[in-house]
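Listing of target-v7.csv, CSV, C-alpha atoms
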chain,number,residue,atom,x,y,z
A,1,MET,CA,-21.5,-47.9,25.3
A,2,SER,CA,-19.1,-46.8,27.9
A,3,HIS,CA,-19.5,-44.8,31.1
A,4,ALA,CA,-20.5,-41.1,31.6
A,5,HIS,CA,-22.6,-41.0,28.5
A,6,HIS,CA,-26.2,-40.1,28.6
A,7,ASP,CA,-27.1,-41.1,25.1
A,8,SER,CA,-30.9,-41.2,24.9
A,9,ALA,CA,-30.9,-43.0,21.5
A,10,PRO,CA,-29.8,-46.6,21.6
A,11,ALA,CA,-27.2,-47.7,19.1
A,12,LEU,CA,-28.7,-48.7,15.8
A,13,HIS,CA,-29.0,-52.3,14.9
A,14,VAL,CA,-26.0,-53.4,12.8
A,15,HIS,CA,-27.0,-55.6,9.8
A,16,PRO,CA,-24.6,-58.3,8.6
A,17,LYS,CA,-22.6,-57.8,5.4
A,18,ASP,CA,-24.0,-58.9,2.1
A,19,PRO,CA,-21.0,-60.4,0.2
A,20,ALA,CA,-22.9,-60.3,-3.2
A,21,LYS,CA,-23.3,-56.5,-3.0
A,22,ILE,CA,-19.6,-56.0,-2.1
A,23,ARG,CA,-18.5,-58.3,-4.9
A,24,LYS,CA,-20.6,-56.2,-7.3
A,25,VAL,CA,-18.8,-53.0,-6.2
A,26,TRP,CA,-15.4,-54.6,-6.9
A,27,ILE,CA,-16.5,-56.0,-10.3
A,28,THR,CA,-17.7,-52.5,-11.3
A,29,ALA,CA,-14.3,-51.1,-10.1
A,30,GLY,CA,-12.6,-53.8,-12.2
A,31,ILE,CA,-14.6,-52.8,-15.3
A,32,LEU,CA,-13.6,-49.1,-14.8
A,33,ALA,CA,-9.9,-50.0,-14.5
A,34,PHE,CA,-10.1,-52.3,-17.5
A,35,PHE,CA,-11.6,-49.7,-19.8
A,36,THR,CA,-9.0,-47.1,-18.6
A,37,ALA,CA,-6.3,-49.6,-19.3
A,38,ILE,CA,-7.7,-50.1,-22.9
A,39,GLU,CA,-7.6,-46.3,-23.3
A,40,PHE,CA,-4.0,-46.3,-22.3
A,41,VAL,CA,-3.1,-49.1,-24.7
A,42,CYS,CA,-4.9,-47.4,-27.6
A,43,ALA,CA,-3.2,-44.1,-26.8
A,44,PHE,CA,0.2,-45.6,-27.4
A,45,THR,CA,-0.5,-48.2,-30.1
A,46,MET,CA,-2.8,-46.4,-32.5
A,47,ASP,CA,-2.3,-43.4,-34.8
A,48,ARG,CA,-4.1,-40.2,-33.9
A,49,GLY,CA,-7.2,-39.5,-35.8
A,50,PRO,CA,-11.0,-39.7,-35.8
A,51,ILE,CA,-11.0,-43.5,-35.0
A,52,LEU,CA,-8.9,-43.1,-31.9
A,53,THR,CA,-10.9,-40.1,-30.7
A,54,SER,CA,-14.1,-42.1,-31.2
A,55,ILE,CA,-12.8,-45.0,-29.1
A,56,PHE,CA,-11.8,-42.5,-26.3
A,57,VAL,CA,-15.3,-40.9,-26.4
A,58,ALA,CA,-17.1,-44.2,-26.5
A,59,LEU,CA,-15.1,-45.7,-23.6
A,60,THR,CA,-15.7,-42.5,-21.6
A,61,PHE,CA,-19.4,-42.9,-22.0
A,62,VAL,CA,-19.2,-46.6,-21.0
A,63,LYS,CA,-17.4,-45.5,-17.8
A,64,THR,CA,-19.9,-42.8,-17.2
A,65,PHE,CA,-22.7,-45.4,-17.4
A,66,TYR,CA,-21.0,-47.5,-14.7
A,67,ILE,CA,-20.1,-44.7,-12.4
A,68,VAL,CA,-23.5,-43.0,-12.6
A,69,GLY,CA,-25.6,-46.2,-12.8
A,70,GLU,CA,-23.8,-48.4,-10.3
A,71,PHE,CA,-21.8,-46.2,-8.0
A,72,MET,CA,-24.3,-43.4,-7.8
A,73,HIS,CA,-27.1,-45.9,-8.0
A,74,LEU,CA,-29.1,-44.0,-10.6
A,75,LYS,CA,-29.9,-47.2,-12.5
A,76,TYR,CA,-32.1,-48.4,-9.6
A,77,GLU,CA,-34.0,-45.1,-9.0
A,78,ARG,CA,-37.4,-44.2,-10.3
A,79,LYS,CA,-37.7,-43.6,-14.0
A,80,VAL,CA,-38.9,-40.0,-13.5
A,81,LEU,CA,-35.7,-39.3,-11.5
A,82,ILE,CA,-33.5,-41.0,-14.1
A,83,TRP,CA,-35.0,-38.9,-16.9
A,84,SER,CA,-35.0,-35.6,-15.0
A,85,ILE,CA,-31.2,-36.0,-14.7
A,86,VAL,CA,-30.4,-37.6,-18.1
A,87,LEU,CA,-32.7,-35.5,-20.3
A,88,PRO,CA,-31.1,-32.0,-19.5
A,89,VAL,CA,-27.7,-33.5,-20.0
A,90,MET,CA,-28.6,-34.6,-23.5
A,91,PHE,CA,-29.1,-30.9,-24.5
A,92,ILE,CA,-25.3,-30.5,-24.0
A,93,ILE,CA,-24.8,-32.4,-27.2
A,94,TRP,CA,-26.2,-29.5,-29.1
A,95,LEU,CA,-23.8,-27.1,-27.3
A,96,ILE,CA,-20.9,-29.4,-28.2
A,97,THR,CA,-21.9,-29.5,-31.9
A,98,ALA,CA,-22.5,-25.7,-32.1
A,99,LEU,CA,-19.3,-24.6,-30.4
A,100,LEU,CA,-17.0,-27.1,-32.2
A,101,MET,CA,-18.4,-25.8,-35.5
A,102,GLU,CA,-18.0,-22.3,-34.3
A,103,GLY,CA,-14.4,-23.0,-33.4
A,104,GLY,CA,-13.8,-24.4,-36.9
A,105,TYR,CA,-15.2,-21.2,-38.5
A,106,ILE,CA,-12.9,-19.1,-36.3
A,107,PHE,CA,-10.0,-21.1,-37.6
A,108,VAL,CA,-11.0,-20.6,-41.2
A,109,GLU,CA,-11.7,-16.9,-40.8
A,110,ARG,CA,-8.4,-16.3,-39.0
A,111,ALA,CA,-6.5,-18.1,-41.7
A,112,ALA,CA,-8.3,-16.0,-44.3
A,113,ILE,CA,-7.5,-12.7,-42.5
A,114,PHE,CA,-3.9,-13.3,-41.4
A,115,ASN,CA,-2.5,-15.3,-44.4
B,1,MET,CA,-50.9,-32.5,10.5
B,2,ALA,CA,-54.7,-32.0,10.2
B,3,THR,CA,-55.2,-34.4,7.3
B,4,ALA,CA,-53.1,-37.2,8.7
B,5,ALA,CA,-54.2,-39.9,6.3
B,6,ILE,CA,-52.4,-39.5,3.0
B,7,GLU,CA,-54.2,-41.0,0.0
B,8,LYS,CA,-51.9,-43.1,-2.1
B,9,ASP,CA,-53.5,-42.5,-5.4
B,10,ASN,CA,-51.7,-40.5,-8.2
B,11,LYS,CA,-53.7,-37.3,-7.6
B,12,ASN,CA,-52.1,-36.8,-4.2
B,13,LEU,CA,-48.6,-38.2,-5.2
B,14,TRP,CA,-47.4,-34.6,-5.7
B,15,GLY,CA,-49.6,-33.1,-3.0
B,16,GLY,CA,-46.9,-33.3,-0.3
B,17,GLY,CA,-46.2,-35.6,2.5
B,18,VAL,CA,-44.9,-38.4,0.4
B,19,GLU,CA,-41.7,-38.9,-1.7
B,20,PRO,CA,-42.9,-39.3,-5.3
B,21,LEU,CA,-39.4,-40.1,-6.6
B,22,LYS,CA,-38.7,-42.4,-3.7
B,23,VAL,CA,-35.7,-40.4,-2.6
B,24,SER,CA,-35.5,-37.9,0.2
B,25,TYR,CA,-35.5,-34.2,-0.3
B,26,GLY,CA,-31.8,-33.9,0.5
B,27,LYS,CA,-30.8,-36.6,-2.0
B,28,LEU,CA,-33.0,-35.1,-4.7
B,29,MET,CA,-31.5,-31.7,-4.3
B,30,MET,CA,-28.0,-33.2,-4.4
B,31,TRP,CA,-28.9,-34.7,-7.7
B,32,PHE,CA,-30.1,-31.4,-9.1
B,33,PHE,CA,-27.0,-29.6,-7.8
B,34,LEU,CA,-24.9,-32.2,-9.5
B,35,LEU,CA,-26.9,-31.7,-12.7
B,36,SER,CA,-26.1,-27.9,-12.6
B,37,ASP,CA,-22.5,-28.7,-11.8
B,38,ALA,CA,-22.3,-31.0,-14.8
B,39,LEU,CA,-23.4,-28.1,-16.9
B,40,SER,CA,-20.6,-25.9,-15.5
B,41,PHE,CA,-18.0,-28.5,-16.3
B,42,SER,CA,-19.5,-29.1,-19.8
B,43,GLY,CA,-19.2,-25.4,-20.3
B,44,LEU,CA,-15.5,-25.5,-19.5
B,45,LEU,CA,-14.7,-28.7,-21.5
B,46,ILE,CA,-16.7,-27.5,-24.5
B,47,THR,CA,-14.8,-24.2,-24.4
B,48,TYR,CA,-11.6,-26.3,-24.6
B,49,GLY,CA,-13.0,-28.0,-27.6
B,50,MET,CA,-14.0,-24.8,-29.3
B,51,ILE,CA,-10.7,-23.0,-28.7
B,52,ARG,CA,-8.8,-26.1,-29.8
B,53,TYR,CA,-10.8,-26.2,-33.1
B,54,SER,CA,-10.0,-22.6,-33.7
B,55,HIS,CA,-6.3,-23.5,-33.7
B,56,LYS,CA,-4.3,-25.4,-36.2
B,57,ALA,CA,-3.9,-29.1,-35.4
B,58,TYR,CA,-0.5,-30.7,-35.4
B,59,GLU,CA,-0.2,-32.8,-38.5
B,60,GLY,CA,3.2,-34.5,-38.4
B,61,LEU,CA,4.2,-37.7,-36.7
B,62,VAL,CA,3.9,-37.7,-32.9
B,63,LYS,CA,7.5,-38.7,-32.4
B,64,ASP,CA,8.7,-35.6,-34.4
B,65,PHE,CA,6.5,-33.3,-32.3
B,66,VAL,CA,8.1,-30.1,-31.0
B,67,PHE,CA,6.4,-27.3,-29.0
B,68,SER,CA,5.3,-24.4,-31.1
B,69,ASP,CA,2.9,-21.4,-31.0
B,70,THR,CA,1.5,-22.3,-34.5
B,71,TYR,CA,-0.4,-25.5,-33.6
B,72,TRP,CA,-2.2,-27.1,-30.6
B,73,PRO,CA,0.1,-29.4,-28.6
B,74,VAL,CA,-0.2,-33.2,-28.5
B,75,PRO,CA,-1.1,-33.7,-24.8
B,76,GLU,CA,1.0,-36.9,-24.4
B,77,LYS,CA,4.0,-34.9,-25.4
B,78,VAL,CA,3.3,-32.3,-22.7
B,79,PHE,CA,2.5,-34.5,-19.8
B,80,THR,CA,5.5,-36.8,-19.8
B,81,HIS,CA,7.0,-36.1,-16.4
B,82,ILE,CA,6.7,-38.2,-13.2
B,83,PRO,CA,8.4,-37.1,-10.0
B,84,PHE,CA,11.9,-38.3,-9.1
B,85,THR,CA,12.8,-39.3,-12.7
B,86,HIS,CA,14.1,-37.6,-15.8
B,87,THR,CA,13.0,-40.2,-18.3
B,88,PRO,CA,9.8,-39.2,-20.1
B,89,PHE,CA,6.8,-41.4,-19.3
B,90,PRO,CA,3.9,-40.0,-21.2
B,91,LEU,CA,0.6,-39.9,-19.3
B,92,VAL,CA,1.8,-42.3,-16.6
B,93,PHE,CA,1.5,-39.8,-13.7
B,94,VAL,CA,-2.0,-38.8,-14.8
B,95,GLY,CA,-2.8,-42.5,-15.0
B,96,ILE,CA,-1.8,-43.0,-11.4
B,97,MET,CA,-4.0,-40.0,-10.4
B,98,THR,CA,-6.9,-41.6,-12.3
B,99,PHE,CA,-6.3,-44.9,-10.5
B,100,ILE,CA,-6.2,-43.1,-7.1
B,101,LEU,CA,-9.5,-41.3,-7.7
B,102,ILE,CA,-11.3,-44.4,-9.0
B,103,MET,CA,-10.1,-46.3,-5.9
B,104,SER,CA,-11.4,-43.6,-3.6
B,105,SER,CA,-14.7,-43.8,-5.4
B,106,VAL,CA,-14.8,-47.6,-4.6
B,107,THR,CA,-14.0,-46.9,-0.9
B,108,MET,CA,-16.8,-44.3,-0.9
B,109,VAL,CA,-19.3,-46.9,-2.2
B,110,LEU,CA,-18.2,-49.2,0.5
B,111,ALA,CA,-18.7,-46.5,3.1
B,112,VAL,CA,-22.3,-45.9,1.8
B,113,GLU,CA,-22.9,-49.7,1.9
B,114,ALA,CA,-21.7,-49.8,5.5
B,115,GLY,CA,-24.0,-46.9,6.2
B,116,HIS,CA,-27.0,-48.9,5.0
B,117,ARG,CA,-26.1,-51.6,7.5
B,118,ASN,CA,-25.6,-49.0,10.3
B,119,ASP,CA,-22.1,-50.3,10.8
B,120,LYS,CA,-20.4,-47.3,12.3
B,121,ASN,CA,-16.9,-48.8,12.4
B,122,ASP,CA,-17.0,-49.8,8.7
B,123,VAL,CA,-18.3,-46.3,7.7
B,124,GLN,CA,-15.4,-44.8,9.6
B,125,LYS,CA,-12.9,-47.1,8.0
B,126,TRP,CA,-14.0,-46.6,4.4
B,127,LEU,CA,-14.6,-42.8,4.8
B,128,LEU,CA,-11.1,-42.5,6.1
B,129,TRP,CA,-9.7,-44.3,3.1
B,130,THR,CA,-11.7,-42.1,0.9
B,131,ILE,CA,-10.3,-39.0,2.6
B,132,LEU,CA,-6.8,-40.3,2.2
B,133,GLY,CA,-7.4,-41.1,-1.5
B,134,GLY,CA,-8.7,-37.5,-2.0
B,135,ILE,CA,-5.7,-36.0,-0.3
B,136,ALA,CA,-3.3,-38.2,-2.4
B,137,PHE,CA,-5.1,-37.0,-5.5
B,138,VAL,CA,-4.9,-33.4,-4.6
B,139,GLY,CA,-1.2,-33.8,-3.7
B,140,CYS,CA,-0.5,-35.4,-7.1
B,141,GLN,CA,-2.3,-32.5,-8.8
B,142,ALA,CA,-0.3,-30.0,-6.9
B,143,TRP,CA,2.8,-31.8,-8.2
B,144,GLU,CA,1.4,-31.9,-11.7
B,145,TRP,CA,0.9,-28.1,-11.6
B,146,THR,CA,4.4,-27.6,-10.3
B,147,ILE,CA,5.8,-29.6,-13.2
B,148,PHE,CA,3.6,-27.8,-15.7
B,149,ILE,CA,4.5,-24.3,-14.3
B,150,SER,CA,8.3,-24.9,-14.0
B,151,GLY,CA,8.5,-26.6,-17.4
B,152,SER,CA,11.4,-28.2,-19.3
B,153,GLU,CA,15.1,-27.3,-19.0
B,154,THR,CA,15.3,-26.3,-22.6
B,155,GLY,CA,12.2,-24.2,-22.8
B,156,ARG,CA,11.0,-22.5,-25.9
B,157,GLN,CA,11.9,-19.3,-27.7
B,158,LEU,CA,8.9,-16.8,-27.8
B,159,PHE,CA,8.2,-14.2,-30.5
B,160,ASP,CA,10.2,-11.6,-28.7
B,161,GLY,CA,13.3,-13.8,-28.7
B,162,SER,CA,13.4,-14.7,-25.0
B,163,ILE,CA,13.5,-18.3,-23.8
B,164,PHE,CA,10.5,-19.2,-21.7
B,165,HIS,CA,10.2,-22.2,-19.4
B,166,GLY,CA,6.9,-23.7,-18.2
B,167,ALA,CA,3.7,-21.8,-18.1
B,168,ASN,CA,1.6,-19.0,-16.7
B,169,LEU,CA,-1.6,-17.4,-17.8
B,170,ARG,CA,0.2,-15.1,-20.3
B,171,ALA,CA,2.8,-17.3,-21.9
B,172,ASN,CA,3.8,-21.0,-22.0
B,173,GLU,CA,6.3,-23.1,-23.7
B,174,TYR,CA,3.9,-25.9,-24.8
B,175,GLY,CA,1.8,-24.1,-27.4
B,176,PRO,CA,-0.8,-21.4,-27.9
B,177,VAL,CA,-1.5,-19.3,-24.8
B,178,PRO,CA,-5.1,-20.6,-24.2
B,179,PHE,CA,-3.7,-24.1,-23.8
B,180,ALA,CA,-2.1,-23.3,-20.4
B,181,ASP,CA,-5.1,-21.1,-19.5
B,182,LEU,CA,-7.5,-23.9,-20.0
B,183,PHE,CA,-5.2,-26.3,-18.2
B,184,PHE,CA,-5.2,-24.1,-15.1
B,185,PHE,CA,-9.0,-23.4,-15.3
B,186,ILE,CA,-10.2,-26.9,-15.9
B,187,THR,CA,-7.9,-28.9,-13.7
B,188,GLY,CA,-8.1,-26.1,-11.1
B,189,PHE,CA,-11.9,-26.1,-11.0
B,190,HIS,CA,-11.9,-29.9,-10.7
B,191,GLY,CA,-9.2,-29.7,-7.9
B,192,THR,CA,-11.3,-27.2,-6.1
B,193,HIS,CA,-14.2,-29.7,-6.2
B,194,VAL,CA,-12.0,-32.5,-4.8
B,195,THR,CA,-10.7,-30.2,-2.1
B,196,SER,CA,-14.2,-29.3,-1.0
B,197,GLY,CA,-15.2,-32.9,-1.2
B,198,ILE,CA,-12.4,-33.8,1.2
B,199,ILE,CA,-13.5,-31.1,3.6
B,200,ILE,CA,-17.1,-32.3,3.5
B,201,ASN,CA,-15.9,-35.9,4.0
B,202,ILE,CA,-13.9,-34.9,7.0
B,203,LEU,CA,-17.0,-33.2,8.5
B,204,VAL,CA,-19.1,-36.3,7.9
B,205,PHE,CA,-16.4,-38.5,9.3
B,206,TYR,CA,-16.4,-36.3,12.4
B,207,ASN,CA,-20.2,-36.6,12.7
B,208,VAL,CA,-20.0,-40.4,12.3
B,209,SER,CA,-17.4,-40.5,15.0
B,210,ILE,CA,-19.4,-38.5,17.6
B,211,GLY,CA,-22.5,-40.6,16.8
B,212,THR,CA,-24.6,-37.9,15.2
B,213,TYR,CA,-26.1,-40.2,12.6
B,214,GLU,CA,-26.9,-42.9,15.2
B,215,LYS,CA,-29.0,-40.3,16.9
B,216,VAL,CA,-30.7,-39.3,13.6
B,217,GLY,CA,-31.3,-43.0,13.0
B,218,HIS,CA,-29.8,-43.3,9.5
B,219,TYR,CA,-26.6,-42.7,7.6
B,220,GLU,CA,-28.1,-40.8,4.7
B,221,MET,CA,-25.6,-38.0,4.9
B,222,VAL,CA,-22.9,-40.5,3.8
B,223,GLU,CA,-25.0,-41.3,0.8
B,224,LYS,CA,-25.3,-37.6,-0.1
B,225,VAL,CA,-21.6,-36.8,0.2
B,226,GLY,CA,-21.1,-40.1,-1.7
B,227,LEU,CA,-23.1,-38.8,-4.7
B,228,TYR,CA,-20.9,-35.7,-4.7
B,229,TRP,CA,-17.7,-37.7,-4.5
B,230,HIS,CA,-18.7,-40.0,-7.4
B,231,PHE,CA,-19.6,-37.0,-9.5
B,232,VAL,CA,-16.2,-35.5,-8.9
B,233,ASP,CA,-14.6,-38.8,-10.0
B,234,LEU,CA,-16.8,-38.8,-13.1
B,235,VAL,CA,-15.7,-35.3,-14.0
B,236,TRP,CA,-12.1,-36.5,-13.8
B,237,VAL,CA,-12.9,-39.3,-16.2
B,238,PHE,CA,-14.0,-36.6,-18.7
B,239,VAL,CA,-11.1,-34.3,-18.0
B,240,PHE,CA,-8.7,-37.3,-18.4
B,241,THR,CA,-10.2,-38.1,-21.8
B,242,PHE,CA,-10.7,-34.7,-23.3
B,243,PHE,CA,-7.6,-32.9,-21.8
B,244,TYR,CA,-5.0,-35.7,-21.6
B,245,LEU,CA,-5.9,-38.3,-24.2
B,246,VAL,CA,-7.6,-36.7,-27.2
Please express what this file holds, its structure, as C-alpha cells.
Amino acid sequence: MSHAHHDSAPALHVHPKDPAKIRKVWITAGILAFFTAIEFVCAFTMDRGPILTSIFVALTFVKTFYIVGEFMHLKYERKVLIWSIVLPVMFIIWLITALLMEGGYIFVERAAIFN
Amino acid sequence: MATAAIEKDNKNLWGGGVEPLKVSYGKLMMWFFLLSDALSFSGLLITYGMIRYSHKAYEGLVKDFVFSDTYWPVPEKVFTHIPFTHTPFPLVFVGIMTFILIMSSVTMVLAVEAGHRNDKNDVQKWLLWTILGGIAFVGCQAWEWTIFISGSETGRQLFDGSIFHGANLRANEYGPVPFADLFFFITGFHGTHVTSGIIINILVFYNVSIGTYEKVGHYEMVEKVGLYWHFVDLVWVFVFTFFYLV
C-alpha cells in the first residue's frame, strides 16, 4: 500500500478466480433469460386462459428455484435452514386459495345485489 | 469464556458459541428478514388477486379490447408504451426492466464471488455495475409511472361525463379504480425496496473502497446485501408475472 497510511491489518490474500464457478453464474443467468423469453413468446402467441396462466405460474416458480437456489445459495445451505425458510412460505398457498375464493364470492354477491 | 472447550456433540449444538446452521448470525437474520418481507409482498400480490377476482374478467378477443370500468383490464393492452415512440409495443419496456434487474443480480453474484476471493478491485467493479443496474431500473420505473399517470391522448369518459387521461388513486382510464391503486402500491413498494438496496449498495461500496472489510478480514457484508438484492430481483419476477403477464 502507499505512503502515509498506518494500516495495522495487512491486505488480505487474494485467491485466484475459479472459471467453473463464474461459468455457472452465467449459465444460471442464461436459464433465467431463456424462461423469461418463453413467457414473452407465450404471452403473444397463445390465447388467454387457464393454460396460459398455468404456464406463467410454473415458469415463475422455476425462475424462483434458480434465483433462490443458485444466486442466493440456499440450495447449498444446511437442510434446517432450507426448511425454516421454505416451510413458512408454503403456508402462503392457503392464503392464495382463501382470498381468491373470497374474491370470487364478492363478485357473485355484487352481481346478485346490483343486477 | 470460562468454558473454552465447546463440545461438538448435538446436545451442545444449540448451546451457543457455534453456528448450528453453518451461517453467521448476520446472514441468518437477513434470511429471516427476507422471509418476513416475502410475506409482505405476498400480502400485496394476493390482494391484487382477490380484488381482480371480485371484478368481471374481460371476455372478448384481446385485439378488440377497449378500456372500461365494467371489467378488469388486460395488462398487455395497458402497458404498451416505450419512451420516444408512439407505436404500441406491448410489454416491451417492462421486459427491458426485467432484463436490467436480472443482469444486476448477475453482477451482484459476481461481486459476492469476488468477495470470497478477497479481491477488492473485482468487488468494487461488480458492485458498481450492480448500483448502475439498480439506478437504471429505478429510472425506468419512474418513466413507467409517468407514462401510466399521464395516460393516452384519447383518454376515457367517466361516469360523470368528463374525459379522464391517465391515472391517480381516485380515477383512471384503464379500468376499475383499484387497478391503478394496486399498480401504485405494488410497483411502488418494490421500487422503494430497489431504492433502499441501491443506498445500501453504495454504503457497502464505500466501505469496500476505504478498506473496512480488509480490516474485518472478510467480505461477508457483500454477501448479506447480495441476499437482499437477489430477493428484490425475485420479487420483480413475481410482480412481472402477476401484474404484467397474467
Using all atoms listed in the file, determine which residues lie at most 10 Å from range 144-149 of chain B, disregarding the query and same-chain residues fewer than 5 positions distant; provide the list as a PDB file with C-alpha atoms, keeping the file's coordinate frame.
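Written output follows (out_35.pdb):
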ATOM      1  CA  VAL B  78       3.300 -32.300 -22.700  1.00  0.00           C
ATOM      2  CA  PHE B  79       2.500 -34.500 -19.800  1.00  0.00           C
ATOM      3  CA  THR B  80       5.500 -36.800 -19.800  1.00  0.00           C
ATOM      4  CA  HIS B  81       7.000 -36.100 -16.400  1.00  0.00           C
ATOM      5  CA  ILE B  82       6.700 -38.200 -13.200  1.00  0.00           C
ATOM      6  CA  PRO B  83       8.400 -37.100 -10.000  1.00  0.00           C
ATOM      7  CA  PHE B  93       1.500 -39.800 -13.700  1.00  0.00           C
ATOM      8  CA  VAL B  94      -2.000 -38.800 -14.800  1.00  0.00           C
ATOM      9  CA  MET B  97      -4.000 -40.000 -10.400  1.00  0.00           C
ATOM     10  CA  VAL B 138      -4.900 -33.400  -4.600  1.00  0.00           C
ATOM     11  CA  GLY B 139      -1.200 -33.800  -3.700  1.00  0.00           C
ATOM     12  CA  HIS B 165      10.200 -22.200 -19.400  1.00  0.00           C
ATOM     13  CA  GLY B 166       6.900 -23.700 -18.200  1.00  0.00           C
ATOM     14  CA  ALA B 167       3.700 -21.800 -18.100  1.00  0.00           C
ATOM     15  CA  ASN B 168       1.600 -19.000 -16.700  1.00  0.00           C
ATOM     16  CA  LEU B 169      -1.600 -17.400 -17.800  1.00  0.00           C
ATOM     17  CA  ASN B 172       3.800 -21.000 -22.000  1.00  0.00           C
ATOM     18  CA  GLU B 173       6.300 -23.100 -23.700  1.00  0.00           C
ATOM     19  CA  TYR B 174       3.900 -25.900 -24.800  1.00  0.00           C
ATOM     20  CA  ALA B 180      -2.100 -23.300 -20.400  1.00  0.00           C
ATOM     21  CA  PHE B 183      -5.200 -26.300 -18.200  1.00  0.00           C
ATOM     22  CA  PHE B 184      -5.200 -24.100 -15.100  1.00  0.00           C
ATOM     23  CA  THR B 187      -7.900 -28.900 -13.700  1.00  0.00           C
ATOM     24  CA  GLY B 188      -8.100 -26.100 -11.100  1.00  0.00           C
TER      25      GLY B 188
END
Interface residues on chain B facing chain A, 7 Å, all atoms listed in the file, written as a PyMOL selection string:
chain B and resi 21-22+35+46+49-51+53-55+106+109+117-119+214-215+217+227+230+234+237-238+241+245-246
Suppose you want the space between CA of Ile102 in chain B and CA of Ser36 in chain B; what is it in Å?
22.5 Å
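Note that the spacing between CA of Met90 in chain A and CA of Ile51 in chain A amounts to 22.8 Å.
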Rounded to one decimal, what separation in Å do you get between CA of Val222 in chain B and CA of Ile198 in chain B?
12.7 Å
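Candidate residues B:Ser105, B:Ser209, B:Ser152, B:Thr192 were compared for distance to Trp229 in chain B, and the nearest is B:Ser105, using all atoms listed in the file.
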Go through B:Lys63, B:Lys224, B:His193, B:Arg52 one by one, measure the shortest atom-to-atom distance of each to Met29 in chain B using all atoms listed in the file, and give the residue with the smallest value.
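Closest to Met29 in chain B of all the choices is B:Lys224.
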My list of candidates is B:Asn207, B:Glu220, B:Thr195, B:Arg156. Which is closest to Val66 in chain B when distances are computed with all atoms listed in the file?
B:Arg156
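Each of B:Ser162, B:Arg170, B:Phe242, B:Gly134 was checked against Gly191 in chain B using all atoms listed in the file; the smallest atom-to-atom distance is that of B:Gly134.
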Because some atoms of range 39-52 of chain B are absent here, can you restore N, CA and C atoms and send them as a compact mmCIF listing (two decimals), in the frame of the given file?
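Below you can see out-v4.txt, which holds the result:
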# COMPACT_ATOMS: atom_id res chain seq x y z
N LEU B 39 -23.36 -29.08 -15.86
CA LEU B 39 -23.40 -28.10 -16.90
C LEU B 39 -22.26 -27.12 -16.84
N SER B 40 -21.81 -26.76 -15.63
CA SER B 40 -20.60 -25.90 -15.50
C SER B 40 -19.41 -26.55 -16.13
N PHE B 41 -19.20 -27.81 -15.77
CA PHE B 41 -18.00 -28.50 -16.30
C PHE B 41 -18.13 -28.70 -17.81
N SER B 42 -19.35 -28.97 -18.30
CA SER B 42 -19.50 -29.10 -19.80
C SER B 42 -19.11 -27.77 -20.40
N GLY B 43 -19.53 -26.65 -19.80
CA GLY B 43 -19.20 -25.40 -20.30
C GLY B 43 -17.65 -25.22 -20.49
N LEU B 44 -16.92 -25.62 -19.44
CA LEU B 44 -15.50 -25.50 -19.50
C LEU B 44 -14.86 -26.43 -20.54
N LEU B 45 -15.30 -27.69 -20.56
CA LEU B 45 -14.70 -28.70 -21.50
C LEU B 45 -15.07 -28.33 -22.94
N ILE B 46 -16.30 -27.83 -23.16
CA ILE B 46 -16.70 -27.50 -24.50
C ILE B 46 -15.91 -26.25 -24.98
N THR B 47 -15.64 -25.33 -24.04
CA THR B 47 -14.80 -24.20 -24.40
C THR B 47 -13.42 -24.66 -24.84
N TYR B 48 -12.90 -25.67 -24.14
CA TYR B 48 -11.60 -26.30 -24.60
C TYR B 48 -11.72 -26.75 -25.99
N GLY B 49 -12.81 -27.49 -26.29
CA GLY B 49 -13.00 -28.00 -27.60
C GLY B 49 -13.06 -26.91 -28.67
N MET B 50 -13.82 -25.85 -28.36
CA MET B 50 -14.00 -24.80 -29.30
C MET B 50 -12.65 -24.06 -29.57
N ILE B 51 -11.91 -23.76 -28.51
CA ILE B 51 -10.70 -23.00 -28.70
C ILE B 51 -9.64 -23.93 -29.42
N ARG B 52 -9.70 -25.22 -29.12
CA ARG B 52 -8.80 -26.10 -29.80
C ARG B 52 -9.11 -26.19 -31.30
